[in-house]
Amino acid sequence: MLQKLENHVTTVEYYTDVAIRFGSEYGLKLLGALAIFFVGKWIVQKIVLLMRKGMQRAQVDTTLISFAGNALSVVLMIAVIVAAASNLGINTTSFVAVFGAAGLAIGLALKDTLSNVGAAVLIIFFRPFKVGDYIQVSGVEGTVGCINLFSTTLTTIDNRTIIIPNGALISGNIINYTGNETRRIDMVFDIDYGDNMKVAKNVIMEILQAHPKVLKDPEPLVAVGELAQNSVQLYARPWVNVDDYWTARFEIIESVKEAFDRNHITVPFPQMVTHVKREG
């Protein structure tokens, strides 16, 4: 019985010594690693916050601010985790190698998805359009609602939502209707060959010059564009601010129709004249 008790005491002392040695050797390292992680995380948050505020003061696009902030946060947190693991005695060289191999495997498996990420980077930095612009791309058009790492969301005039992968978006032509401050309205008005062409031109020009949304510089243009099969086509080319485009267009067309009616200028329709030849 006494022998068993001595053996038990010896075992307890052995494990106690092991625990003390382990605690003294790894306890401080563990505390240091935790301190590095939490302090590093706090520093990362402060750095990202300062960067966001600086970009906001510089009036950088909100999409670019969000993207840059997320990217910087991920890179810095990886550095913090590697530093914490190194403090624990983990071989960070092999750690980085494992992450590199895993990243390569994931990249090969998700190459199409990652191509969308690459396209997002090109869109954000070269900025062919931004949130709020009205664009036409991939056979559809609408207002850009948001740009994320994988896709761009458009909202159409009739309030439909269209989601386009970024890779497909930059692979074709992009028409940005609101990329500039002003825009030209292209309109064609048909008049009958029997109508007074000069009167019709003056009527259209007076409407353009009197309209409050039509810009004085560049000056509006009214000219004969084509002698068509059934009509004389008058081209009207006023300039307006981008936000006034549709309102001005609708109002001008309505005003021209009313003015044509007052001045007895007719809008022709397709006609066919048949000649009958009698024999005998």
# chains A, B, ... in the order shown; residues from 1 in each chain; ligands from 1
>>> residues_around(residues="segment 201-205 of chain A", least_positions_apart="2", cutoff="7 Å", atoms="only C-alpha atoms", output="ChimeraX atom specification")
/A:197-199,207-209,222,256,259
>>> select_by_dssp(residues="segment 37-211 of chain A", states="alpha helix (DSSP H)", output="PyMOL selection string")
chain A and resi 37-57+62-87+92-109+111-126+166-170+197-210
>>> residues_around(residues="Gly179 of chain A", least_positions_apart="3", cutoff="9 Å", atoms="only C-alpha atoms", output="PyMOL selection string")
chain A and resi 128-130+133-135+175-176+182+242
>>> write_last_selection(atoms="C-alpha atoms", output="mmCIF file, in the first residue's frame")
data_model
loop_
_atom_site.group_PDB
_atom_site.id
_atom_site.type_symbol
_atom_site.label_atom_id
_atom_site.label_comp_id
_atom_site.auth_asym_id
_atom_site.auth_seq_id
_atom_site.Cartn_x
_atom_site.Cartn_y
_atom_site.Cartn_z
ATOM 1 C CA PRO A 128 -15.085 53.459 -67.413
ATOM 2 C CA PHE A 129 -18.194 54.106 -65.324
ATOM 3 C CA LYS A 130 -19.131 54.603 -61.694
ATOM 4 C CA ASP A 133 -23.960 56.331 -64.330
ATOM 5 C CA TYR A 134 -26.393 55.261 -67.053
ATOM 6 C CA ILE A 135 -24.640 52.761 -69.325
ATOM 7 C CA ILE A 175 -21.471 53.064 -73.728
ATOM 8 C CA ASN A 176 -21.583 55.550 -70.848
ATOM 9 C CA THR A 182 -23.641 67.553 -71.324
ATOM 10 C CA VAL A 242 -27.212 65.071 -68.852
#
>>> closest_residue(among="A:Leu215, A:Val267, A:Leu149, A:Leu169", to="Asn230 of chain A", atoms="only C-alpha atoms")
A:Val267
>>> closest_residue(among="A:Ala85, A:Leu234, A:Ala223, A:Met187", to="Ile36 of chain A", atoms="only C-alpha atoms")
A:Ala85
>>> closest_residue(among="A:Ile47, A:Val131, A:Ala119, A:Val144", to="Ile170 of chain A", atoms="only C-alpha atoms")
A:Ala119
>>> residues_around(residues="Leu221 of chain A", least_positions_apart="4", cutoff="7 Å", atoms="only C-alpha atoms", output="ChimeraX atom specification")
/A:236-238
>>> residues_around(residues="Arg183 of chain A", least_positions_apart="3", cutoff="7 Å", atoms="only C-alpha atoms", output="PyMOL selection string")
chain A and resi 239-242
>>> atom_distance(atom1="atom CA of Gly172 of chain A", atom2="atom CA of Thr156 of chain A")
19.1 Å
